[in-house]
$ cat model.txt   # compact mmCIF, C-alpha atoms and all ligand atoms
# COMPACT_ATOMS: atom_id res chain seq x y z
CA MET A 7 -173.80 -20.83 109.32
CA LYS A 8 -177.58 -21.20 109.19
CA ILE A 9 -179.56 -20.88 105.97
CA VAL A 10 -182.84 -19.06 106.29
CA PHE A 11 -185.58 -18.11 103.85
CA ARG A 12 -187.69 -14.99 103.85
CA TRP A 13 -191.39 -15.60 104.37
CA PHE A 14 -194.12 -12.96 104.51
CA GLY A 15 -196.78 -14.87 106.44
CA ASP A 16 -199.82 -17.03 105.72
CA ASP A 17 -202.01 -14.15 104.53
CA ASN A 18 -199.29 -12.27 102.79
CA ASP A 19 -197.24 -14.71 100.73
CA ASN A 20 -197.85 -16.97 97.77
CA VAL A 21 -195.14 -19.28 99.14
CA LYS A 22 -196.36 -21.82 101.67
CA LEU A 23 -194.40 -22.24 104.87
CA GLU A 24 -194.73 -26.01 104.46
CA TYR A 25 -192.93 -25.77 101.11
CA ILE A 26 -190.05 -23.81 102.60
CA ARG A 27 -189.63 -26.67 105.06
CA GLN A 28 -188.92 -28.94 102.07
CA ILE A 29 -185.95 -26.97 100.73
CA PRO A 30 -182.82 -28.90 101.67
CA GLY A 31 -180.53 -26.95 103.97
CA VAL A 32 -183.05 -24.38 105.18
CA THR A 33 -183.46 -24.39 108.95
CA GLY A 34 -185.53 -21.31 109.53
CA VAL A 35 -187.44 -18.40 108.14
CA VAL A 36 -186.86 -14.69 108.20
CA GLY A 37 -190.15 -13.22 109.30
CA ALA A 38 -191.83 -10.00 110.31
CA LEU A 39 -195.15 -8.61 111.47
CA TYR A 40 -196.70 -6.76 108.58
CA ASP A 41 -199.78 -5.43 110.33
CA VAL A 42 -198.06 -3.26 112.92
CA PRO A 43 -197.69 0.34 111.71
CA VAL A 44 -194.11 1.65 111.47
CA GLY A 45 -193.16 3.16 114.80
CA GLU A 46 -195.49 1.12 117.01
CA ALA A 47 -194.18 -1.51 119.43
CA TRP A 48 -194.55 -5.11 118.25
CA PRO A 49 -196.97 -6.88 120.60
CA ARG A 50 -195.81 -10.02 122.37
CA GLU A 51 -198.87 -12.07 121.43
CA LYS A 52 -198.41 -11.44 117.72
CA ILE A 53 -194.74 -12.34 117.86
CA GLU A 54 -195.58 -15.53 119.79
CA ALA A 55 -198.25 -16.47 117.25
CA LEU A 56 -195.80 -16.11 114.37
CA LYS A 57 -193.14 -18.05 116.20
CA ASN A 58 -195.54 -20.89 117.04
CA ARG A 59 -196.70 -21.09 113.45
CA VAL A 60 -193.12 -21.30 112.17
CA ASN A 61 -191.94 -23.72 114.86
CA GLY A 62 -195.04 -25.83 114.21
CA VAL A 63 -193.70 -26.93 110.83
CA GLY A 64 -190.24 -27.61 112.23
CA LEU A 65 -188.53 -24.34 111.26
CA GLU A 66 -186.85 -21.74 113.45
CA LEU A 67 -187.69 -18.08 113.73
CA GLU A 68 -184.49 -16.35 114.82
CA VAL A 69 -184.20 -13.51 112.33
CA ILE A 70 -186.57 -10.60 111.79
CA GLU A 71 -186.52 -8.46 108.67
CA SER A 72 -187.36 -5.72 109.25
CA VAL A 73 -188.35 -3.75 112.27
CA ASN A 74 -188.63 -0.53 110.29
CA VAL A 75 -187.36 2.70 111.77
CA HIS A 76 -189.84 5.55 111.99
CA GLU A 77 -188.98 8.52 109.76
CA TYR A 78 -188.84 10.85 112.82
CA ILE A 79 -185.91 8.83 114.17
CA LYS A 80 -184.06 9.21 110.87
CA LEU A 81 -184.92 12.90 110.79
CA GLY A 82 -183.78 13.35 114.37
CA VAL A 83 -186.78 15.44 115.46
CA PRO A 84 -187.75 15.62 119.17
CA SER A 85 -190.75 13.32 118.72
CA ARG A 86 -188.28 10.52 117.93
CA GLU A 87 -188.13 9.65 121.64
CA ARG A 88 -191.54 8.01 121.65
CA TYR A 89 -190.62 5.94 118.60
CA ILE A 90 -187.27 4.90 120.03
CA ASP A 91 -189.05 3.80 123.22
CA ASN A 92 -191.38 1.71 121.09
CA TYR A 93 -188.46 0.26 119.16
CA ILE A 94 -186.88 -0.80 122.44
CA LYS A 95 -190.12 -2.50 123.49
CA SER A 96 -190.09 -4.40 120.19
CA ILE A 97 -186.50 -5.49 120.74
CA ARG A 98 -187.33 -6.77 124.23
CA ASN A 99 -190.44 -8.60 123.07
CA LEU A 100 -188.58 -10.17 120.15
CA ALA A 101 -185.70 -11.27 122.37
CA ASP A 102 -188.18 -12.92 124.75
CA ALA A 103 -189.42 -14.99 121.79
CA GLY A 104 -185.89 -16.16 120.99
CA ILE A 105 -185.05 -13.74 118.16
CA LYS A 106 -181.30 -13.35 117.68
CA VAL A 107 -180.98 -10.91 114.78
CA ILE A 108 -183.03 -7.86 113.80
CA CYS A 109 -182.50 -6.44 110.35
CA TYR A 110 -183.37 -2.79 109.69
CA ASN A 111 -182.34 0.04 107.43
CA PHE A 112 -181.76 3.75 107.74
CA MET A 113 -182.58 4.82 104.19
CA PRO A 114 -184.62 8.02 104.07
CA ILE A 115 -188.13 7.63 102.68
CA PHE A 116 -187.43 4.86 100.16
CA ASP A 117 -186.07 1.43 100.93
CA TRP A 118 -184.67 -0.54 97.96
CA VAL A 119 -185.47 0.82 94.51
CA ARG A 120 -185.96 -0.85 91.12
CA THR A 121 -187.26 0.71 87.93
CA SER A 122 -188.77 -2.54 86.65
CA LEU A 123 -190.17 -5.44 88.66
CA ASN A 124 -190.96 -7.76 85.77
CA MET A 125 -188.30 -7.43 83.11
CA PRO A 126 -188.65 -10.32 80.64
CA LEU A 127 -185.53 -12.42 80.07
CA PRO A 128 -184.75 -14.41 76.91
CA ASP A 129 -185.39 -17.71 78.71
CA GLY A 130 -189.01 -16.77 79.40
CA SER A 131 -188.52 -15.92 83.06
CA ASN A 132 -188.73 -12.38 84.41
CA THR A 133 -186.78 -10.40 86.92
CA MET A 134 -186.26 -7.04 88.63
CA ALA A 135 -184.05 -4.40 87.08
CA TYR A 136 -182.74 -0.92 87.67
CA ASP A 137 -181.72 1.82 85.29
CA ASP A 138 -180.51 5.23 86.46
CA SER A 139 -181.56 6.88 83.20
CA VAL A 140 -185.15 5.70 83.79
CA LEU A 141 -185.13 6.81 87.42
CA ASN A 142 -183.80 10.22 86.51
CA HIS A 143 -186.94 10.85 84.50
CA LEU A 144 -189.33 9.86 87.26
CA THR A 145 -190.67 11.95 90.10
CA PRO A 146 -190.86 10.21 93.49
CA ASP A 147 -194.63 9.97 93.10
CA GLU A 148 -194.28 8.37 89.68
CA LEU A 149 -191.82 5.85 91.09
CA VAL A 150 -194.24 4.87 93.86
CA HIS A 151 -197.03 4.56 91.31
CA ARG A 152 -194.91 2.41 89.02
CA ILE A 153 -193.80 0.07 91.82
CA GLY A 154 -197.42 -0.26 92.95
CA GLU A 155 -198.57 -1.13 89.42
CA GLU A 156 -195.90 -3.76 88.85
CA SER A 157 -196.00 -5.49 92.21
CA GLN A 158 -198.67 -8.06 91.24
CA GLY A 159 -200.99 -7.00 94.04
CA PHE A 160 -198.41 -7.67 96.76
CA THR A 161 -196.98 -5.07 99.11
CA LEU A 162 -193.24 -5.07 98.66
CA PRO A 163 -191.04 -5.01 101.75
CA GLY A 164 -190.10 -1.41 102.49
CA TRP A 165 -192.87 -0.11 100.23
CA GLN A 166 -195.66 -0.23 102.78
CA PRO A 167 -198.14 2.60 102.15
CA ASP A 168 -197.78 3.97 105.70
CA ARG A 169 -194.09 4.44 105.09
CA LEU A 170 -194.71 6.46 101.95
CA ALA A 171 -197.67 8.57 102.94
CA ASP A 172 -197.35 12.20 101.95
CA LEU A 173 -194.12 12.17 99.96
CA LYS A 174 -193.95 15.93 99.54
CA LYS A 175 -194.01 16.51 103.28
CA LEU A 176 -191.32 13.87 103.75
CA PHE A 177 -189.07 15.37 101.09
CA ASP A 178 -189.47 18.81 102.66
CA ALA A 179 -188.54 17.40 106.03
CA TYR A 180 -185.28 16.01 104.61
CA LYS A 181 -184.25 19.33 103.03
CA ASP A 182 -181.77 20.11 105.80
CA VAL A 183 -180.65 16.56 106.51
CA ASP A 184 -177.35 15.78 104.84
CA GLU A 185 -175.25 12.64 105.25
CA ASN A 186 -173.58 13.92 108.39
CA ALA A 187 -176.88 14.76 110.04
CA LEU A 188 -178.35 11.40 109.07
CA ARG A 189 -175.31 9.62 110.49
CA GLU A 190 -175.62 11.60 113.69
CA ASN A 191 -179.26 10.56 113.97
CA LEU A 192 -178.28 6.94 113.44
CA GLY A 193 -175.62 7.32 116.15
CA TYR A 194 -178.23 8.69 118.55
CA PHE A 195 -180.55 5.78 117.81
CA LEU A 196 -177.76 3.21 118.26
CA HIS A 197 -176.71 4.71 121.59
CA ARG A 198 -180.26 4.21 122.82
CA ILE A 199 -180.87 0.71 121.49
CA ILE A 200 -177.55 -1.16 121.43
CA PRO A 201 -177.15 -1.38 125.23
CA VAL A 202 -180.58 -3.02 125.33
CA CYS A 203 -179.56 -5.43 122.55
CA GLU A 204 -176.43 -6.34 124.47
CA GLU A 205 -178.50 -7.00 127.58
CA VAL A 206 -181.03 -9.26 125.81
CA GLY A 207 -178.68 -10.97 123.33
CA VAL A 208 -179.94 -9.52 120.06
CA LYS A 209 -177.76 -8.35 117.16
CA MET A 210 -178.87 -5.41 115.05
CA SER A 211 -178.09 -5.79 111.40
CA ILE A 212 -178.34 -2.74 109.17
CA HIS A 213 -179.16 -3.26 105.50
CA PRO A 214 -177.00 -1.27 103.06
CA ASP A 215 -178.48 1.27 100.70
CA ASP A 216 -179.92 -0.33 97.60
CA PRO A 217 -178.73 0.80 95.11
CA SER A 218 -175.70 2.08 96.91
CA TRP A 219 -175.86 5.71 95.88
CA SER A 220 -178.04 8.72 96.56
CA LEU A 221 -181.49 8.83 94.90
CA PHE A 222 -183.57 12.00 94.40
CA GLY A 223 -180.88 13.93 96.29
CA LEU A 224 -181.61 12.09 99.55
CA PRO A 225 -178.69 11.27 101.84
CA ARG A 226 -177.52 7.62 101.96
CA ILE A 227 -174.98 6.48 104.53
CA VAL A 228 -174.38 2.74 104.06
CA LYS A 229 -172.90 2.60 100.57
CA ASN A 230 -169.30 1.43 100.86
CA GLU A 231 -166.47 0.31 103.09
CA GLU A 232 -165.82 3.76 104.52
CA ASP A 233 -169.49 4.23 105.41
CA ILE A 234 -169.64 0.81 107.06
CA GLU A 235 -166.52 1.51 109.05
CA ARG A 236 -168.00 4.78 110.29
CA LEU A 237 -171.27 3.13 111.14
CA LEU A 238 -169.60 0.37 113.15
CA ASN A 239 -167.61 3.00 115.00
CA LEU A 240 -170.75 4.90 115.93
CA TYR A 241 -171.19 2.22 118.57
CA ASP A 242 -168.47 -0.34 118.90
CA SER A 243 -170.29 -3.52 119.87
CA PRO A 244 -170.92 -6.93 118.32
CA ALA A 245 -174.61 -6.02 118.63
CA ASN A 246 -174.09 -3.23 116.09
CA GLY A 247 -173.67 -5.19 112.87
CA ILE A 248 -174.53 -5.15 109.19
CA ALA A 249 -176.80 -7.25 107.00
CA LEU A 250 -174.29 -7.48 104.21
CA CYS A 251 -176.25 -7.59 100.97
CA THR A 252 -174.08 -8.70 98.05
CA GLY A 253 -176.47 -7.19 95.52
CA SER A 254 -176.83 -3.78 97.16
CA LEU A 255 -173.13 -3.23 97.74
CA GLY A 256 -171.97 -5.06 94.62
CA ILE A 257 -173.95 -2.73 92.37
CA ASN A 258 -171.22 -0.19 92.95
CA ARG A 259 -168.30 -1.63 91.01
CA LYS A 260 -165.85 0.04 93.36
CA ASN A 261 -167.09 -2.20 96.18
CA ASP A 262 -165.10 -5.43 96.38
CA VAL A 263 -167.73 -7.63 98.05
CA PRO A 264 -165.50 -10.60 99.02
CA ALA A 265 -163.01 -8.13 100.55
CA LEU A 266 -165.81 -6.42 102.50
CA ILE A 267 -166.97 -9.79 103.78
CA LYS A 268 -163.48 -10.71 104.93
CA ARG A 269 -162.98 -7.39 106.60
CA PHE A 270 -166.22 -7.27 108.55
CA ALA A 271 -167.10 -10.94 109.07
CA SER A 272 -163.71 -11.68 110.60
CA ARG A 273 -164.50 -8.97 113.14
CA GLY A 274 -167.82 -10.65 113.91
CA ARG A 275 -169.85 -7.75 112.54
CA ILE A 276 -171.91 -9.60 109.91
CA PRO A 277 -174.64 -11.48 111.77
CA PHE A 278 -176.75 -11.78 108.61
CA ILE A 279 -176.03 -11.87 104.88
CA HIS A 280 -178.24 -11.62 101.78
CA VAL A 281 -176.69 -13.40 98.82
CA ARG A 282 -177.72 -12.71 95.25
CA ASN A 283 -176.22 -12.20 91.84
CA LEU A 284 -176.92 -9.59 89.17
CA LYS A 285 -175.74 -8.59 85.75
CA PHE A 286 -174.43 -5.15 84.89
CA ASP A 287 -176.14 -3.82 81.78
CA GLY A 288 -174.28 -0.51 81.65
CA GLU A 289 -173.43 2.41 83.90
CA GLY A 290 -176.04 2.58 86.70
CA GLN A 291 -177.94 -0.24 85.03
CA PHE A 292 -178.41 -3.85 86.05
CA HIS A 293 -180.87 -6.72 86.24
CA GLU A 294 -181.07 -9.46 88.83
CA THR A 295 -180.13 -12.99 87.79
CA SER A 296 -180.29 -16.45 89.29
CA HIS A 297 -177.56 -17.19 91.82
CA PRO A 298 -174.81 -19.03 89.88
CA THR A 299 -171.63 -17.19 88.92
CA SER A 300 -172.14 -18.12 85.27
CA GLU A 301 -175.42 -16.18 85.13
CA GLY A 302 -174.38 -12.79 86.46
CA SER A 303 -171.48 -10.45 87.10
CA PHE A 304 -170.48 -11.60 90.60
CA ASP A 305 -168.03 -14.31 91.59
CA MET A 306 -170.27 -16.33 93.89
CA PHE A 307 -167.52 -18.79 94.73
CA ALA A 308 -165.33 -15.93 95.97
CA ILE A 309 -168.24 -14.61 98.06
CA MET A 310 -168.88 -17.98 99.73
CA LYS A 311 -165.16 -18.62 100.16
CA ALA A 312 -164.74 -15.25 101.87
CA LEU A 313 -167.53 -16.19 104.28
CA TYR A 314 -165.99 -19.56 104.95
CA ASP A 315 -162.49 -18.18 105.45
CA SER A 316 -163.76 -15.56 107.89
CA GLY A 317 -165.41 -18.20 110.06
CA PHE A 318 -168.88 -16.84 109.29
CA ASP A 319 -171.39 -18.31 111.73
CA GLY A 320 -174.36 -16.03 111.14
CA TYR A 321 -177.53 -16.38 109.10
CA LEU A 322 -177.53 -16.45 105.30
CA ARG A 323 -180.54 -16.04 103.10
CA PRO A 324 -180.78 -16.37 99.35
CA ASP A 325 -181.90 -12.96 98.21
CA HIS A 326 -184.17 -12.12 95.31
CA GLY A 327 -184.82 -14.64 92.59
CA ARG A 328 -186.40 -14.45 89.15
CA MET A 329 -189.95 -15.62 88.51
CA ILE A 330 -189.64 -18.99 86.78
CA TRP A 331 -191.80 -21.99 85.87
CA GLY A 332 -194.90 -19.84 85.56
CA GLU A 333 -194.89 -18.84 89.21
CA GLU A 334 -196.79 -15.69 90.14
CA GLY A 335 -195.96 -13.94 93.33
CA ARG A 336 -194.23 -11.06 95.05
CA PRO A 337 -191.48 -9.82 92.71
CA GLY A 338 -188.11 -11.14 93.84
CA TYR A 339 -189.65 -13.48 96.37
CA GLY A 340 -191.00 -16.49 94.55
CA LEU A 341 -190.28 -20.00 95.78
CA TYR A 342 -188.53 -21.72 92.91
CA ASP A 343 -185.60 -19.55 91.96
CA ARG A 344 -184.72 -18.79 95.57
CA ALA A 345 -184.86 -22.51 96.39
CA LEU A 346 -182.51 -23.21 93.47
CA GLY A 347 -180.27 -20.51 94.93
CA VAL A 348 -180.18 -22.29 98.28
CA THR A 349 -179.12 -25.59 96.78
CA TYR A 350 -176.43 -23.89 94.72
CA LEU A 351 -175.08 -21.96 97.72
CA THR A 352 -175.10 -25.03 99.97
CA GLY A 353 -173.26 -26.89 97.21
CA LEU A 354 -170.57 -24.25 97.08
CA TRP A 355 -170.33 -24.28 100.86
CA GLU A 356 -169.97 -28.05 101.04
CA ALA A 357 -167.28 -28.08 98.35
CA ILE A 358 -165.34 -25.25 99.98
CA SER A 359 -165.51 -26.77 103.43
CA ARG A 360 -164.51 -30.25 102.28
CA MET A 361 -161.58 -28.99 100.27
CA SER A 362 -160.29 -26.72 103.05
C1 LIG A 401 -185.60 -6.01 99.58
C2 LIG A 401 -184.99 -6.08 100.89
C3 LIG A 401 -185.08 -4.79 101.68
C4 LIG A 401 -184.66 -5.06 103.10
C5 LIG A 401 -184.67 -3.86 103.98
C6 LIG A 401 -184.09 -4.18 105.33
O1 LIG A 401 -185.89 -7.01 99.00
O2 LIG A 401 -183.69 -6.50 100.80
O3 LIG A 401 -186.40 -4.33 101.68
O4 LIG A 401 -185.55 -6.00 103.66
O5 LIG A 401 -183.96 -2.82 103.42
O6 LIG A 401 -184.50 -3.24 106.25

$ encode --input "model.txt" --output "structure tokens"
Amino acid sequence: MKIVFRWFGDDNDNVKLEYIRQIPGVTGVVGALYDVPVGEAWPREKIEALKNRVNGVGLELEVIESVNVHEYIKLGVPSRERYIDNYIKSIRNLADAGIKVICYNFMPIFDWVRTSLNMPLPDGSNTMAYDDSVLNHLTPDELVHRIGEESQGFTLPGWQPDRLADLKKLFDAYKDVDENALRENLGYFLHRIIPVCEEVGVKMSIHPDDPSWSLFGLPRIVKNEEDIERLLNLYDSPANGIALCTGSLGINRKNDVPALIKRFASRGRIPFIHVRNLKFDGEGQFHETSHPTSEGSFDMFAIMKALYDSGFDGYLRPDHGRMIWGEEGRPGYGLYDRALGVTYLTGLWEAISRMS
């Protein structure tokens, strides 16, 4: 297992790369190019520049999150071909730079959704939260506005303006796309890209829907075990994997996260995992907590044990953290709480491995 840490780049992150290097146990960063519009091919020179910067401080760059999928590919319209060709160019260019895992998602229009990005906690820290009853009273435009207002001047991953331009047009386009159609479009995409991934040694890692249910009536197809099984069967290859996100899947209480890990990691289909904890506040309601079991609703020991027992040898990153110690930065992605998460998770891992 390798522990990696998400970093948004010198111009785009309050967290310094040099500080990430100082977190014990972290060997690399999860990076991306943020100035290439969704759908365009990622240029070699830009990938090389990022890699050199990261390698220059003694960290690896082997995981990309995300190469976003153009909406036309998800919609399955004829113009998808051009965007799939570009996606393939990006895969080849990334593989040439030594990238091993590419994370992506196939969520229509919106990526992950929260209704609050700065919920105050009794200890003086703040965190991200979600409440269905709040979302149900928002229009998509109001949600985008709210996220923009609360994001402290940072662009949140998956909330890039080019992805969300002209919401009404996008919603109209999805009118006739149900879950089956979306799955078919994903299958089409996988059949084009996975053979290339196999050839160049890259593993695709799809992020589950977050939260793991339909929002605004849009189809969502990576919500539970059955969905994941169907997705893996769309193209049966180790290069067609999942980025198992404990928070996204665990939000649905019917999902047994350690069991999902055992099932899919033992088959080598989890190249990348996002580990975080959260606390249920009611039906369709939760807030994100620090990583330890004692702080949230998940059994973090069981999660790490499931990884260990399945022989997990992929990449793990601590997922969102709270904002603590007066830090100001991109919600969910400050330095301190995620670094505490790393040390806690490495501690669990060491204890589990030494006692096994
Ligand atoms: C949020 C992230 C997601 C994730 C994408 C992957 O913090 O977990 O934005 O990066 O869904 O494509």

$ closest_atom_pairs --input "model.txt" --of "chain A" --to "ligand LIG 401 (chain A)" --cutoff "8 Å" --atoms "only C-alpha atoms and all ligand atoms" --output "tab-separated table"
residue	atom	partner	partner_atom	distance
A:Glu71	CA	A:LIG401	O4	5.7
A:Ser72	CA	A:LIG401	O6	4.8
A:Val73	CA	A:LIG401	O6	7.2
A:Asn74	CA	A:LIG401	O6	6.4
A:Cys109	CA	A:LIG401	O6	5.6
A:Tyr110	CA	A:LIG401	O6	3.6
A:Asn111	CA	A:LIG401	O6	4.1
A:Phe112	CA	A:LIG401	O6	7.7
A:Met113	CA	A:LIG401	O5	7.8
A:Asp117	CA	A:LIG401	O5	5.4
A:Trp118	CA	A:LIG401	O3	5.6
A:Leu162	CA	A:LIG401	O3	7.5
A:Pro163	CA	A:LIG401	O3	4.7
A:Gly164	CA	A:LIG401	O3	4.8
A:Trp165	CA	A:LIG401	O3	7.9
A:Ile212	CA	A:LIG401	O6	6.8
A:His213	CA	A:LIG401	C6	5.0
A:Pro214	CA	A:LIG401	O5	7.1
A:Asp215	CA	A:LIG401	O5	7.4
A:Asp216	CA	A:LIG401	O5	7.5
A:Cys251	CA	A:LIG401	O2	7.5
A:His280	CA	A:LIG401	O2	7.5
A:Asp325	CA	A:LIG401	O2	7.2
A:His326	CA	A:LIG401	O1	6.5
A:Gly338	CA	A:LIG401	O1	7.0
A:Tyr339	CA	A:LIG401	O1	7.9

$ closest_atom_pairs --input "model.txt" --of "range 251-281 of chain A" --to "range 285-305 of chain A" --cutoff "9 Å" --atoms "only C-alpha atoms" --output "JSON lines"
{"residue": "A:Thr252", "atom": "CA", "partner": "A:Phe304", "partner_atom": "CA", "distance": 8.8}
{"residue": "A:Gly253", "atom": "CA", "partner": "A:Glu294", "partner_atom": "CA", "distance": 8.4}
{"residue": "A:Gly256", "atom": "CA", "partner": "A:Phe304", "partner_atom": "CA", "distance": 7.8}
{"residue": "A:Ile257", "atom": "CA", "partner": "A:Phe292", "partner_atom": "CA", "distance": 7.8}
{"residue": "A:Asn258", "atom": "CA", "partner": "A:Gly290", "partner_atom": "CA", "distance": 8.4}
{"residue": "A:Val263", "atom": "CA", "partner": "A:Phe304", "partner_atom": "CA", "distance": 8.9}
{"residue": "A:Pro264", "atom": "CA", "partner": "A:Asp305", "partner_atom": "CA", "distance": 8.7}
{"residue": "A:Val281", "atom": "CA", "partner": "A:His297", "partner_atom": "CA", "distance": 8.0}

$ closest_residue --input "model.txt" --among "A:Ile200, A:Val35, A:Ile115, A:Leu127" --to "Tyr93 in chain A" --atoms "all atoms listed in the file"
A:Ile200

$ residues_around --input "model.txt" --residues "Pro225 in chain A" --least-positions-apart "6" --cutoff "8 Å" --atoms "all atoms listed in the file" --output "list in words"
Met113, Pro114, Val183, Asp184, Glu185 and Leu188 of chain A

$ residues_around --input "model.txt" --residues "range 169-174 of chain A" --least-positions-apart "3" --cutoff "9 Å" --atoms "only C-alpha atoms" --output "list in words"
Pro43, Val44, His76, Glu77, Ile115, Phe116, Pro146, Asp147, Val150, Gly164, Trp165, Gln166, Phe177, Asp178 and Ala179 of chain A

$ write_last_selection --input "model.txt" --atoms "C-alpha atoms" --output "PDB file, in the coordinates of the input"
ATOM      1  CA  PRO A  43    -197.690   0.340 111.710  1.00  0.00           C
ATOM      2  CA  VAL A  44    -194.110   1.650 111.470  1.00  0.00           C
ATOM      3  CA  HIS A  76    -189.840   5.550 111.990  1.00  0.00           C
ATOM      4  CA  GLU A  77    -188.980   8.520 109.760  1.00  0.00           C
ATOM      5  CA  ILE A 115    -188.130   7.630 102.680  1.00  0.00           C
ATOM      6  CA  PHE A 116    -187.430   4.860 100.160  1.00  0.00           C
ATOM      7  CA  PRO A 146    -190.860  10.210  93.490  1.00  0.00           C
ATOM      8  CA  ASP A 147    -194.630   9.970  93.100  1.00  0.00           C
ATOM      9  CA  VAL A 150    -194.240   4.870  93.860  1.00  0.00           C
ATOM     10  CA  GLY A 164    -190.100  -1.410 102.490  1.00  0.00           C
ATOM     11  CA  TRP A 165    -192.870  -0.110 100.230  1.00  0.00           C
ATOM     12  CA  GLN A 166    -195.660  -0.230 102.780  1.00  0.00           C
ATOM     13  CA  PHE A 177    -189.070  15.370 101.090  1.00  0.00           C
ATOM     14  CA  ASP A 178    -189.470  18.810 102.660  1.00  0.00           C
ATOM     15  CA  ALA A 179    -188.540  17.400 106.030  1.00  0.00           C
TER      16      ALA A 179
END

$ axis_aligned_box --input "model.txt" --around "range 167-184 of chain A" --padding-each-side "5 Å" --output "AutoDock Vina command-line options"
--center_x -187.7 --center_y 11.4 --center_z 103.0 --size_x 30.8 --size_y 27.5 --size_z 17.0

$ residues_near_point --input "model.txt" --point "(-186.2, 4.9, 83.4)" --cutoff "10 Å" --atoms "all atoms listed in the file" --output "PyMOL selection string"
chain A and resi 120-122+136-144+149+291

$ closest_residue --input "model.txt" --among "A:Asp91, A:Asp102, A:Glu333, A:Asp182" --to "Ser131 in chain A" --atoms "all atoms listed in the file"
A:Glu333

$ residues_around --input "model.txt" --residues "Glu68 in chain A" --least-positions-apart "3" --cutoff "7 Å" --atoms "all atoms listed in the file" --output "ChimeraX atom specification"
/A:104-107

$ residues_near_point --input "model.txt" --point "(-193.7, -13.8, 109.9)" --cutoff "8 Å" --atoms "only C-alpha atoms" --output "MDAnalysis selection string"
chainID A and resid 13:15 35:40 56:57 60

$ atom_distance --input "model.txt" --atom1 "CA of Leu250 in chain A" --atom2 "CA of Ile90 in chain A"
23.9 Å

$ closest_residue --input "model.txt" --among "A:Ile309, A:Met7, A:Ile267, A:Val69" --to "Ser211 in chain A" --atoms "all atoms listed in the file"
A:Val69

$ residues_around --input "model.txt" --residues "Glu54 in chain A" --least-positions-apart "4" --cutoff "9 Å" --atoms "all atoms listed in the file" --output "list in words"
Pro49, Arg50, Asn58, Arg59, Leu100 and Ala103 of chain A
